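The data block below is run.pdb; it holds PDB, C-alpha atoms.
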```
ATOM      1  CA  MET A  29      31.484 -39.731 -49.343
ATOM      2  CA  ARG A  30      34.201 -37.074 -49.771
ATOM      3  CA  THR A  31      31.624 -34.331 -50.085
ATOM      4  CA  ILE A  32      30.589 -34.629 -46.425
ATOM      5  CA  VAL A  33      33.660 -32.877 -44.998
ATOM      6  CA  PRO A  34      32.965 -29.296 -46.239
ATOM      7  CA  PHE A  35      29.491 -29.414 -44.765
ATOM      8  CA  LEU A  36      30.828 -30.223 -41.285
ATOM      9  CA  LEU A  37      33.274 -27.328 -41.348
ATOM     10  CA  VAL A  38      30.577 -24.873 -42.251
ATOM     11  CA  LEU A  39      28.392 -26.099 -39.399
ATOM     12  CA  LEU A  40      30.938 -25.862 -36.615
ATOM     13  CA  VAL A  41      32.845 -22.638 -37.193
ATOM     14  CA  PRO A  42      30.162 -19.909 -37.486
ATOM     15  CA  ALA A  43      27.963 -21.407 -34.785
ATOM     16  CA  ALA A  44      30.279 -20.595 -31.868
ATOM     17  CA  PRO A  45      29.571 -16.816 -31.494
ATOM     18  CA  ALA A  46      25.832 -17.444 -31.116
ATOM     19  CA  LEU A  47      26.438 -19.013 -27.712
ATOM     20  CA  ALA A  48      28.121 -15.932 -26.190
ATOM     21  CA  GLN A  49      26.310 -14.231 -23.292
ATOM     22  CA  ARG A  50      24.726 -11.027 -24.486
ATOM     23  CA  LEU A  51      22.461  -9.892 -21.653
ATOM     24  CA  ASP A  52      23.343  -9.332 -18.024
ATOM     25  CA  LEU A  53      21.025  -8.183 -15.275
ATOM     26  CA  SER A  54      21.398  -7.890 -11.532
ATOM     27  CA  LEU A  55      19.484  -6.167  -8.737
ATOM     28  CA  SER A  56      20.589  -4.901  -5.376
ATOM     29  CA  PRO A  57      18.987  -5.325  -2.960
ATOM     30  CA  VAL A  58      16.724  -8.176  -4.016
ATOM     31  CA  VAL A  59      14.499  -7.759  -0.972
ATOM     32  CA  ILE A  60      12.508  -4.549  -1.156
ATOM     33  CA  THR A  61      10.892  -3.547   2.119
ATOM     34  CA  PHE A  62       8.202  -0.980   2.778
ATOM     35  CA  PRO A  63       8.200   0.117   6.419
ATOM     36  CA  SER A  64       4.935   0.543   8.266
ATOM     37  CA  SER A  65       3.826   4.161   8.265
ATOM     38  CA  ASP A  66       0.930   6.334   9.320
ATOM     39  CA  PRO A  67      -1.293   6.882   6.257
ATOM     40  CA  ASP A  68      -2.132  10.411   7.394
ATOM     41  CA  THR A  69       1.480  11.549   7.528
ATOM     42  CA  VAL A  70       3.017   9.210   4.931
ATOM     43  CA  PRO A  71       0.467   8.636   2.168
ATOM     44  CA  LEU A  72       3.149   7.147  -0.066
ATOM     45  CA  VAL A  73       5.635   4.763   1.551
ATOM     46  CA  LEU A  74       9.027   4.617  -0.136
ATOM     47  CA  ALA A  75      11.255   1.562  -0.111
ATOM     48  CA  PRO A  76      15.023   1.979  -0.305
ATOM     49  CA  PRO A  77      16.133   2.384  -3.958
ATOM     50  CA  VAL A  78      16.946  -0.728  -5.949
ATOM     51  CA  GLN A  79      20.059  -0.538  -8.079
ATOM     52  CA  VAL A  80      19.685  -2.211 -11.445
ATOM     53  CA  THR A  81      22.877  -3.163 -13.225
ATOM     54  CA  TYR A  82      22.495  -4.270 -16.812
ATOM     55  CA  ARG A  83      24.518  -4.879 -19.937
ATOM     56  CA  VAL A  84      23.496  -5.596 -23.520
ATOM     57  CA  ARG A  85      26.067  -6.875 -25.967
ATOM     58  CA  GLN A  86      26.078  -8.096 -29.566
ATOM     59  CA  ASN A  87      22.708  -6.498 -30.080
ATOM     60  CA  ASN A  88      23.679  -4.410 -33.132
ATOM     61  CA  ASN A  89      21.033  -1.710 -33.423
ATOM     62  CA  ALA A  90      18.188  -3.877 -32.232
ATOM     63  CA  PRO A  91      15.918  -2.729 -29.398
ATOM     64  CA  TRP A  92      16.161  -4.041 -25.856
ATOM     65  CA  SER A  93      13.812  -3.661 -22.933
ATOM     66  CA  LEU A  94      13.622  -4.232 -19.219
ATOM     67  CA  THR A  95      10.229  -5.173 -17.821
ATOM     68  CA  VAL A  96       8.814  -6.121 -14.454
ATOM     69  CA  LEU A  97       5.891  -8.405 -13.657
ATOM     70  CA  ALA A  98       4.443  -9.171 -10.240
ATOM     71  CA  ALA A  99       3.557 -12.775  -9.462
ATOM     72  CA  GLY A 100       0.384 -11.571  -7.729
ATOM     73  CA  ASP A 101      -0.973  -9.103  -5.205
ATOM     74  CA  LEU A 102       0.825  -8.394  -1.953
ATOM     75  CA  MET A 103      -0.319 -11.203   0.323
ATOM     76  CA  SER A 104      -0.479 -11.701   4.079
ATOM     77  CA  GLY A 105      -2.420 -14.819   4.900
ATOM     78  CA  PRO A 106      -6.002 -14.171   3.827
ATOM     79  CA  SER A 107      -5.347 -10.467   3.341
ATOM     80  CA  SER A 108      -4.147  -8.862   0.154
ATOM     81  CA  ILE A 109      -3.176  -5.482  -1.160
ATOM     82  CA  ASP A 110      -3.707  -4.984  -4.856
ATOM     83  CA  ILE A 111      -0.326  -4.859  -6.522
ATOM     84  CA  SER A 112      -1.399  -1.790  -8.490
ATOM     85  CA  ASN A 113      -0.886   0.134  -5.260
ATOM     86  CA  VAL A 114       2.829  -0.266  -5.875
ATOM     87  CA  THR A 115       4.351   2.251  -8.261
ATOM     88  CA  TRP A 116       7.933   3.148  -9.018
ATOM     89  CA  VAL A 117      10.079   6.085  -9.960
ATOM     90  CA  ALA A 118      13.156   5.198 -11.991
ATOM     91  CA  THR A 119      16.217   7.093 -13.122
ATOM     92  CA  PRO A 120      17.915   7.976 -15.367
ATOM     93  CA  ALA A 121      15.134   8.725 -17.814
ATOM     94  CA  PRO A 122      15.618   7.684 -20.497
ATOM     95  CA  PRO A 123      16.135   4.812 -20.727
ATOM     96  CA  PHE A 124      14.199   4.259 -17.485
ATOM     97  CA  GLN A 125      10.598   5.252 -16.948
ATOM     98  CA  ASN A 126       8.128   5.382 -14.078
ATOM     99  CA  GLY A 127       5.281   2.924 -13.821
ATOM    100  CA  THR A 128       2.806   0.847 -11.861
ATOM    101  CA  LEU A 129       3.169  -2.821 -11.020
ATOM    102  CA  SER A 130       0.835  -5.298 -12.629
ATOM    103  CA  LYS A 131       0.268  -8.970 -12.038
ATOM    104  CA  THR A 132      -1.077  -9.586 -15.516
ATOM    105  CA  VAL A 133       1.017  -7.574 -17.965
ATOM    106  CA  ALA A 134       4.755  -7.031 -17.744
ATOM    107  CA  GLN A 135       5.384  -3.325 -17.384
ATOM    108  CA  ARG A 136       8.246  -1.578 -19.128
ATOM    109  CA  VAL A 137      10.907  -0.253 -16.811
ATOM    110  CA  ALA A 138      13.507   0.743 -19.381
ATOM    111  CA  ALA A 139      14.101   0.456 -23.098
ATOM    112  CA  GLY A 140      16.710   1.362 -25.667
ATOM    113  CA  ASN A 141      18.489   0.369 -28.830
ATOM    114  CA  GLY A 142      21.818  -1.221 -29.570
ATOM    115  CA  ASN A 143      24.386  -2.180 -27.007
ATOM    116  CA  VAL A 144      24.862  -1.106 -23.445
ATOM    117  CA  ASN A 145      28.472  -1.896 -22.764
ATOM    118  CA  PRO A 146      30.052  -1.603 -20.262
ATOM    119  CA  ASP A 147      27.468  -2.068 -17.518
ATOM    120  CA  ALA A 148      24.938   0.669 -16.929
ATOM    121  CA  ILE A 149      23.152   1.363 -13.697
ATOM    122  CA  GLY A 150      19.629   2.518 -13.036
ATOM    123  CA  SER A 151      17.813   3.255  -9.823
ATOM    124  CA  ILE A 152      14.251   2.225  -9.050
ATOM    125  CA  THR A 153      12.379   3.456  -6.012
ATOM    126  CA  PHE A 154       9.212   1.512  -5.315
ATOM    127  CA  ARG A 155       6.338   3.275  -3.577
ATOM    128  CA  LEU A 156       3.322   1.849  -1.793
ATOM    129  CA  ALA A 157       0.107   3.850  -1.639
ATOM    130  CA  ASN A 158      -0.634   3.911   2.070
ATOM    131  CA  THR A 159      -4.250   3.744   3.199
ATOM    132  CA  TRP A 160      -6.183   2.990   6.360
ATOM    133  CA  THR A 161      -8.038   0.165   4.671
ATOM    134  CA  TYR A 162      -5.139  -2.286   4.762
ATOM    135  CA  SER A 163      -5.371  -5.038   7.326
ATOM    136  CA  SER A 164      -2.397  -5.292   9.620
ATOM    137  CA  GLY A 165       0.156  -7.917   8.682
ATOM    138  CA  THR A 166       3.388  -8.570   6.836
ATOM    139  CA  TYR A 167       2.730  -8.713   3.130
ATOM    140  CA  THR A 168       4.991 -10.223   0.520
ATOM    141  CA  GLN A 169       5.162 -10.878  -3.199
ATOM    142  CA  THR A 170       7.728 -11.736  -5.849
ATOM    143  CA  ILE A 171       8.391  -9.529  -8.835
ATOM    144  CA  LEU A 172      10.241 -10.686 -11.923
ATOM    145  CA  PHE A 173      12.527  -8.399 -13.887
ATOM    146  CA  THR A 174      13.233  -9.442 -17.467
ATOM    147  CA  LEU A 175      15.902  -7.927 -19.684
ATOM    148  CA  SER A 176      15.260  -8.957 -23.253
ATOM    149  CA  ALA A 177      16.460  -8.256 -26.751
ATOM    150  CA  PRO A 178      14.748  -9.497 -29.874
TER     151      PRO A 178
ATOM    152  CA  MET B   1      23.173 -30.232 -56.175
ATOM    153  CA  ARG B   2      26.043 -30.339 -53.723
ATOM    154  CA  LEU B   3      26.743 -26.650 -54.166
ATOM    155  CA  THR B   4      23.113 -25.767 -53.501
ATOM    156  CA  LEU B   5      23.090 -27.788 -50.321
ATOM    157  CA  SER B   6      26.275 -26.128 -49.060
ATOM    158  CA  VAL B   7      24.856 -22.651 -49.588
ATOM    159  CA  LEU B   8      21.666 -23.605 -47.802
ATOM    160  CA  LEU B   9      23.524 -24.929 -44.787
ATOM    161  CA  PHE B  10      25.732 -21.873 -44.609
ATOM    162  CA  ALA B  11      22.699 -19.659 -44.714
ATOM    163  CA  LEU B  12      21.133 -21.588 -41.862
ATOM    164  CA  VAL B  13      24.264 -21.371 -39.748
ATOM    165  CA  PHE B  14      24.718 -17.674 -40.475
ATOM    166  CA  ALA B  15      21.206 -17.097 -39.330
ATOM    167  CA  ALA B  16      21.907 -19.112 -36.206
ATOM    168  CA  GLY B  17      24.664 -16.660 -35.329
ATOM    169  CA  ARG B  18      21.950 -13.968 -35.041
ATOM    170  CA  VAL B  19      19.613 -15.990 -32.899
ATOM    171  CA  PRO B  20      17.910 -13.704 -30.383
ATOM    172  CA  ALA B  21      19.677 -13.652 -27.069
ATOM    173  CA  GLY B  22      16.365 -14.357 -25.346
ATOM    174  CA  ALA B  23      16.007 -12.903 -21.911
ATOM    175  CA  GLN B  24      17.825 -12.492 -18.688
ATOM    176  CA  THR B  25      15.670 -12.515 -15.586
ATOM    177  CA  SER B  26      16.082 -11.567 -11.971
ATOM    178  CA  ASN B  27      13.668 -11.928  -9.071
ATOM    179  CA  ALA B  28      13.065  -9.517  -6.237
ATOM    180  CA  THR B  29      10.837  -9.818  -3.214
ATOM    181  CA  LEU B  30       8.513  -7.081  -2.058
ATOM    182  CA  ASN B  31       7.768  -6.913   1.663
ATOM    183  CA  ALA B  32       5.327  -4.511   3.251
ATOM    184  CA  SER B  33       4.748  -4.187   6.972
ATOM    185  CA  ILE B  34       1.359  -2.912   8.021
ATOM    186  CA  ASN B  35       1.134  -2.407  11.752
ATOM    187  CA  GLY B  36      -1.956  -1.877  13.867
ATOM    188  CA  LEU B  37      -2.837   1.771  14.234
ATOM    189  CA  ALA B  38      -5.768   3.875  15.446
ATOM    190  CA  ARG B  39      -6.591   7.564  15.349
ATOM    191  CA  LEU B  40      -9.642   9.414  16.613
ATOM    192  CA  SER B  41     -10.632  12.982  15.993
ATOM    193  CA  LEU B  42     -13.593  15.003  17.265
ATOM    194  CA  SER B  43     -15.103  18.089  15.704
ATOM    195  CA  SER B  44     -15.384  19.693  19.127
ATOM    196  CA  ALA B  45     -13.447  19.203  22.337
ATOM    197  CA  ALA B  46     -16.079  20.895  24.503
ATOM    198  CA  LEU B  47     -19.811  20.494  25.022
ATOM    199  CA  THR B  48     -22.043  23.073  26.632
ATOM    200  CA  PHE B  49     -25.584  22.686  27.881
ATOM    201  CA  PRO B  50     -27.293  26.037  28.371
ATOM    202  CA  ASP B  51     -29.520  26.762  31.341
ATOM    203  CA  ALA B  52     -33.196  26.100  30.674
ATOM    204  CA  ASP B  53     -36.533  25.767  32.395
ATOM    205  CA  PRO B  54     -37.086  22.094  33.293
ATOM    206  CA  ASP B  55     -40.790  22.392  32.583
ATOM    207  CA  THR B  56     -40.344  23.632  29.053
ATOM    208  CA  VAL B  57     -37.027  21.968  28.202
ATOM    209  CA  PRO B  58     -36.799  18.645  30.032
ATOM    210  CA  SER B  59     -33.944  17.554  27.804
ATOM    211  CA  ILE B  60     -31.330  20.108  26.867
ATOM    212  CA  GLN B  61     -29.468  19.670  23.636
ATOM    213  CA  ALA B  62     -25.777  20.591  23.533
ATOM    214  CA  THR B  63     -25.225  23.989  21.966
ATOM    215  CA  GLN B  64     -22.538  22.576  19.652
ATOM    216  CA  GLY B  65     -25.112  20.367  18.004
ATOM    217  CA  PRO B  66     -23.960  16.939  16.912
ATOM    218  CA  ILE B  67     -20.231  16.416  17.184
ATOM    219  CA  THR B  68     -18.562  14.540  14.392
ATOM    220  CA  LEU B  69     -16.196  11.695  15.184
ATOM    221  CA  SER B  70     -13.693  10.289  12.732
ATOM    222  CA  ALA B  71     -12.272   6.895  13.651
ATOM    223  CA  LYS B  72      -9.371   5.508  11.653
ATOM    224  CA  ALA B  73      -8.079   2.069  12.407
ATOM    225  CA  ARG B  74      -5.849  -0.621  11.053
ATOM    226  CA  THR B  75      -6.508  -3.998  12.502
ATOM    227  CA  SER B  76      -6.278  -7.677  11.701
ATOM    228  CA  PRO B  77      -8.596  -9.061   9.023
ATOM    229  CA  ASN B  78     -12.137  -8.588  10.294
ATOM    230  CA  GLY B  79     -10.716  -7.533  13.661
ATOM    231  CA  ALA B  80     -12.956  -5.654  16.048
ATOM    232  CA  VAL B  81     -12.691  -1.871  16.208
ATOM    233  CA  THR B  82     -14.424  -0.279  19.168
ATOM    234  CA  LEU B  83     -14.988   3.307  20.220
ATOM    235  CA  THR B  84     -15.963   3.911  23.834
ATOM    236  CA  VAL B  85     -16.423   6.872  26.142
ATOM    237  CA  LEU B  86     -15.995   7.112  29.902
ATOM    238  CA  ALA B  87     -16.802  10.009  32.215
ATOM    239  CA  SER B  88     -14.048  10.929  34.647
ATOM    240  CA  ASP B  89     -16.492  11.902  37.357
ATOM    241  CA  GLN B  90     -20.017  13.106  38.005
ATOM    242  CA  LEU B  91     -20.915  16.568  36.806
ATOM    243  CA  ARG B  92     -19.457  18.635  39.584
ATOM    244  CA  SER B  93     -19.861  22.214  40.735
ATOM    245  CA  GLY B  94     -17.962  22.649  43.963
ATOM    246  CA  LEU B  95     -19.578  20.284  46.397
ATOM    247  CA  ASN B  96     -22.645  19.781  44.241
ATOM    248  CA  THR B  97     -22.913  16.937  41.791
ATOM    249  CA  ILE B  98     -25.227  15.710  39.077
ATOM    250  CA  PRO B  99     -24.920  12.079  37.990
ATOM    251  CA  ALA B 100     -23.090  11.668  34.698
ATOM    252  CA  SER B 101     -25.855   9.278  33.710
ATOM    253  CA  ASN B 102     -28.081  12.324  33.177
ATOM    254  CA  ILE B 103     -26.151  12.861  29.962
ATOM    255  CA  THR B 104     -27.226  10.737  27.059
ATOM    256  CA  TRP B 105     -26.487  10.715  23.365
ATOM    257  CA  VAL B 106     -27.961   9.688  20.059
ATOM    258  CA  GLY B 107     -25.515   8.165  17.635
ATOM    259  CA  GLY B 108     -25.613   8.755  13.895
ATOM    260  CA  GLY B 109     -23.818   6.874  11.170
ATOM    261  CA  ALA B 110     -22.926   3.264  10.448
ATOM    262  CA  GLY B 111     -21.798   1.484  13.586
ATOM    263  CA  PHE B 112     -22.757   4.302  15.968
ATOM    264  CA  VAL B 113     -25.187   3.570  18.783
ATOM    265  CA  ASN B 114     -27.162   5.527  21.360
ATOM    266  CA  GLY B 115     -25.963   5.524  24.940
ATOM    267  CA  THR B 116     -25.787   6.936  28.447
ATOM    268  CA  LEU B 117     -22.680   8.357  30.052
ATOM    269  CA  SER B 118     -21.132   6.394  32.908
ATOM    270  CA  THR B 119     -18.343   6.981  35.396
ATOM    271  CA  THR B 120     -17.740   3.321  36.079
ATOM    272  CA  ALA B 121     -17.851   1.479  32.759
ATOM    273  CA  ALA B 122     -16.747   2.690  29.351
ATOM    274  CA  GLN B 123     -19.804   2.914  27.145
ATOM    275  CA  VAL B 124     -19.769   1.829  23.539
ATOM    276  CA  VAL B 125     -20.124   4.703  21.114
ATOM    277  CA  ALA B 126     -19.525   2.704  17.936
ATOM    278  CA  GLY B 127     -18.145  -0.590  16.701
ATOM    279  CA  TRP B 128     -16.985  -2.041  13.408
ATOM    280  CA  ASN B 129     -14.964  -4.878  11.979
ATOM    281  CA  GLY B 130     -11.822  -4.536   9.931
ATOM    282  CA  SER B 131      -9.591  -1.675   8.939
ATOM    283  CA  GLY B 132     -10.889   1.591   7.573
ATOM    284  CA  VAL B 133     -12.020   5.129   8.170
ATOM    285  CA  ARG B 134     -15.453   5.654   9.727
ATOM    286  CA  THR B 135     -17.279   8.855  10.470
ATOM    287  CA  GLY B 136     -20.365   9.409  12.579
ATOM    288  CA  THR B 137     -22.025  11.793  14.986
ATOM    289  CA  GLN B 138     -23.071  12.034  18.580
ATOM    290  CA  MET B 139     -25.838  14.368  19.674
ATOM    291  CA  PHE B 140     -25.701  14.912  23.439
ATOM    292  CA  PHE B 141     -28.636  15.658  25.719
ATOM    293  CA  PHE B 142     -28.777  16.674  29.366
ATOM    294  CA  ARG B 143     -31.680  15.619  31.563
ATOM    295  CA  ASN B 144     -33.019  18.834  33.085
ATOM    296  CA  LEU B 145     -34.505  18.615  36.602
ATOM    297  CA  TRP B 146     -35.713  21.044  39.241
ATOM    298  CA  SER B 147     -33.649  19.237  41.844
ATOM    299  CA  TYR B 148     -30.273  20.484  40.643
ATOM    300  CA  ALA B 149     -28.462  23.061  42.735
ATOM    301  CA  THR B 150     -27.492  26.139  40.788
ATOM    302  CA  GLY B 151     -23.953  26.318  39.513
ATOM    303  CA  THR B 152     -21.683  25.579  36.601
ATOM    304  CA  TYR B 153     -21.030  21.886  36.362
ATOM    305  CA  THR B 154     -18.244  20.192  34.489
ATOM    306  CA  LEU B 155     -16.841  16.755  33.805
ATOM    307  CA  THR B 156     -14.322  15.239  31.441
ATOM    308  CA  MET B 157     -15.096  12.474  28.968
ATOM    309  CA  THR B 158     -12.389  10.195  27.657
ATOM    310  CA  TYR B 159     -12.850   8.501  24.293
ATOM    311  CA  THR B 160     -10.938   5.343  23.492
ATOM    312  CA  LEU B 161     -10.594   3.872  20.028
ATOM    313  CA  SER B 162      -9.257   0.350  20.109
ATOM    314  CA  ALA B 163      -8.483  -2.143  17.380
ATOM    315  CA  ALA B 164      -8.048  -5.832  18.107
TER     316      ALA B 164
END
```

What do you get writing this file as structure tokens?
Amino acid sequence: MRTIVPFLLVLLVPAAPALAQRLDLSLSPVVITFPSSDPDTVPLVLAPPVQVTYRVRQNNNAPWSLTVLAAGDLMSGPSSIDISNVTWVATPAPPFQNGTLSKTVAQRVAAGNGNVNPDAIGSITFRLANTWTYSSGTYTQTILFTLSAP
Amino acid sequence: MRLTLSVLLFALVFAAGRVPAGAQTSNATLNASINGLARLSLSSAALTFPDADPDTVPSIQATQGPITLSAKARTSPNGAVTLTVLASDQLRSGLNTIPASNITWVGGGAGFVNGTLSTTAAQVVAGWNGSGVRTGTQMFFFRNLWSYATGTYTLTMTYTLSAA
């Protein structure tokens, strides 16, 4: 029975650091609005830039990435606008990169290695391809940003 | 045996200290406002019918040939888009007039129809459903009669593109 004690000590002490928060991510604003515009004069509608604040800690030299995935197409009742009509321009590059939204495959927004500490800030400007074919309405969709480290 | 078990447990716990952090997520909402909008453009803002002998040319074709109309509209899903034309007055030359109804047209292109000019009711030039860009033509003709007084006659036509 005396041999049980050393095992308990080994279990409790090293396990504590694994619970520390290592990834932080925040967006501002979280509502991204494209104003209505004339397709002839504004073929690409820009939304106000989104500020991305992120931090990666205790990551050693491992890679990290920030991705974005749309929950679906832009929807307005029975009408939809394919989400691939939404692209973005992101800075600074690197670690940020430009891309096109997808509802099926998470798209990389930024990537790097090691830690990012203290917080770093990126800027993402979403753009909507503006065409005459869209039905009038107020369209909406949710997009999910994921900051991950292996 | 005890030593082996201790080493194994330590190894497991050490590995647990390097457990992947997983992921941190954040949602954002995309909103896009698409308002109703319509724009019409014509390839020519003037039509001219040359003088001709009524016996040999009973129907005079406009010298510009067919004019091309481009109608762009954003409307509700499957909403009606209508292009009409209305004459401001009869063809007038001083005190002399020729009824606007002596001008007719032949429409070309999807949604475009033939018609006769009117001063009292806007006449349908074309119609569609839903948003989009449509292009078609109108070829105008003037009914040529011996009864007209000589002169240079004019009128103004107003096109209206509307989206429901």

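Pairwise distance (CA of Ser43 in chain B, CA of Val81 in chain B) equals 20.1 Å.
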
> Quick one: which residues end up in the ChimeraX specification (/A :<6) & /B for this structure, as a PyMOL selection string?
Replying inline: chain B and resi 17+20+22-36+74-77+131-132

> So how many Å separate CA of Leu161 in chain B and CA of Met139 in chain B, to one decimal?
Replying inline: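 Those two atoms sit 18.5 Å apart.
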
> Restricting the calculation to all atoms listed in the file, which member of A:Ala157, A:Ile111, A:Ala121, A:Leu74 is positioned closest to Ala139 in chain A?
Replying inline: A:Ala121

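Put simply, CA of Asn96 in chain B is 22.1 Å away from CA of Ala121 in chain B.
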
> Closest to Gly130 in chain B among B:Ser41, B:Asn78, B:Ser59, B:Thr48, using all atoms listed in the file?
Replying inline: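 Counting all atoms listed in the file, the residue closest to Gly130 in chain B is B:Asn78.
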
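For the file shown, the residue list from the PyMOL selection byres ((chain B and resi 126) around 6) reads Leu83, Gly111, Phe112, Val113, Val124, Val125 and Gly127 of chain B.
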
File of the preceding selection, C-alpha atoms, as an mmCIF file, keeping the file's coordinate frame:
```cif
data_model
loop_
_atom_site.group_PDB
_atom_site.id
_atom_site.type_symbol
_atom_site.label_atom_id
_atom_site.label_comp_id
_atom_site.auth_asym_id
_atom_site.auth_seq_id
_atom_site.Cartn_x
_atom_site.Cartn_y
_atom_site.Cartn_z
ATOM 1 C CA LEU B 83 -14.988 3.307 20.220
ATOM 2 C CA GLY B 111 -21.798 1.484 13.586
ATOM 3 C CA PHE B 112 -22.757 4.302 15.968
ATOM 4 C CA VAL B 113 -25.187 3.570 18.783
ATOM 5 C CA VAL B 124 -19.769 1.829 23.539
ATOM 6 C CA VAL B 125 -20.124 4.703 21.114
ATOM 7 C CA GLY B 127 -18.145 -0.590 16.701
#
```

> With only C-alpha atoms as the basis for distance, which of B:Ile60, B:Trp105, B:Ala38, B:Val133 is at the shortest distance from Ala163 in chain B?
Replying inline: B:Ala38

> What does the PyMOL selection byres ((chain B and resi 143) around 7) select in this file, as a list in words?
Replying inline: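 Selected by the PyMOL selection byres ((chain B and resi 143) around 7) in this file: Pro58, Ser59, Ile60, Asn102, Ile103, Phe141, Phe142, Asn144 and Leu145 of chain B.
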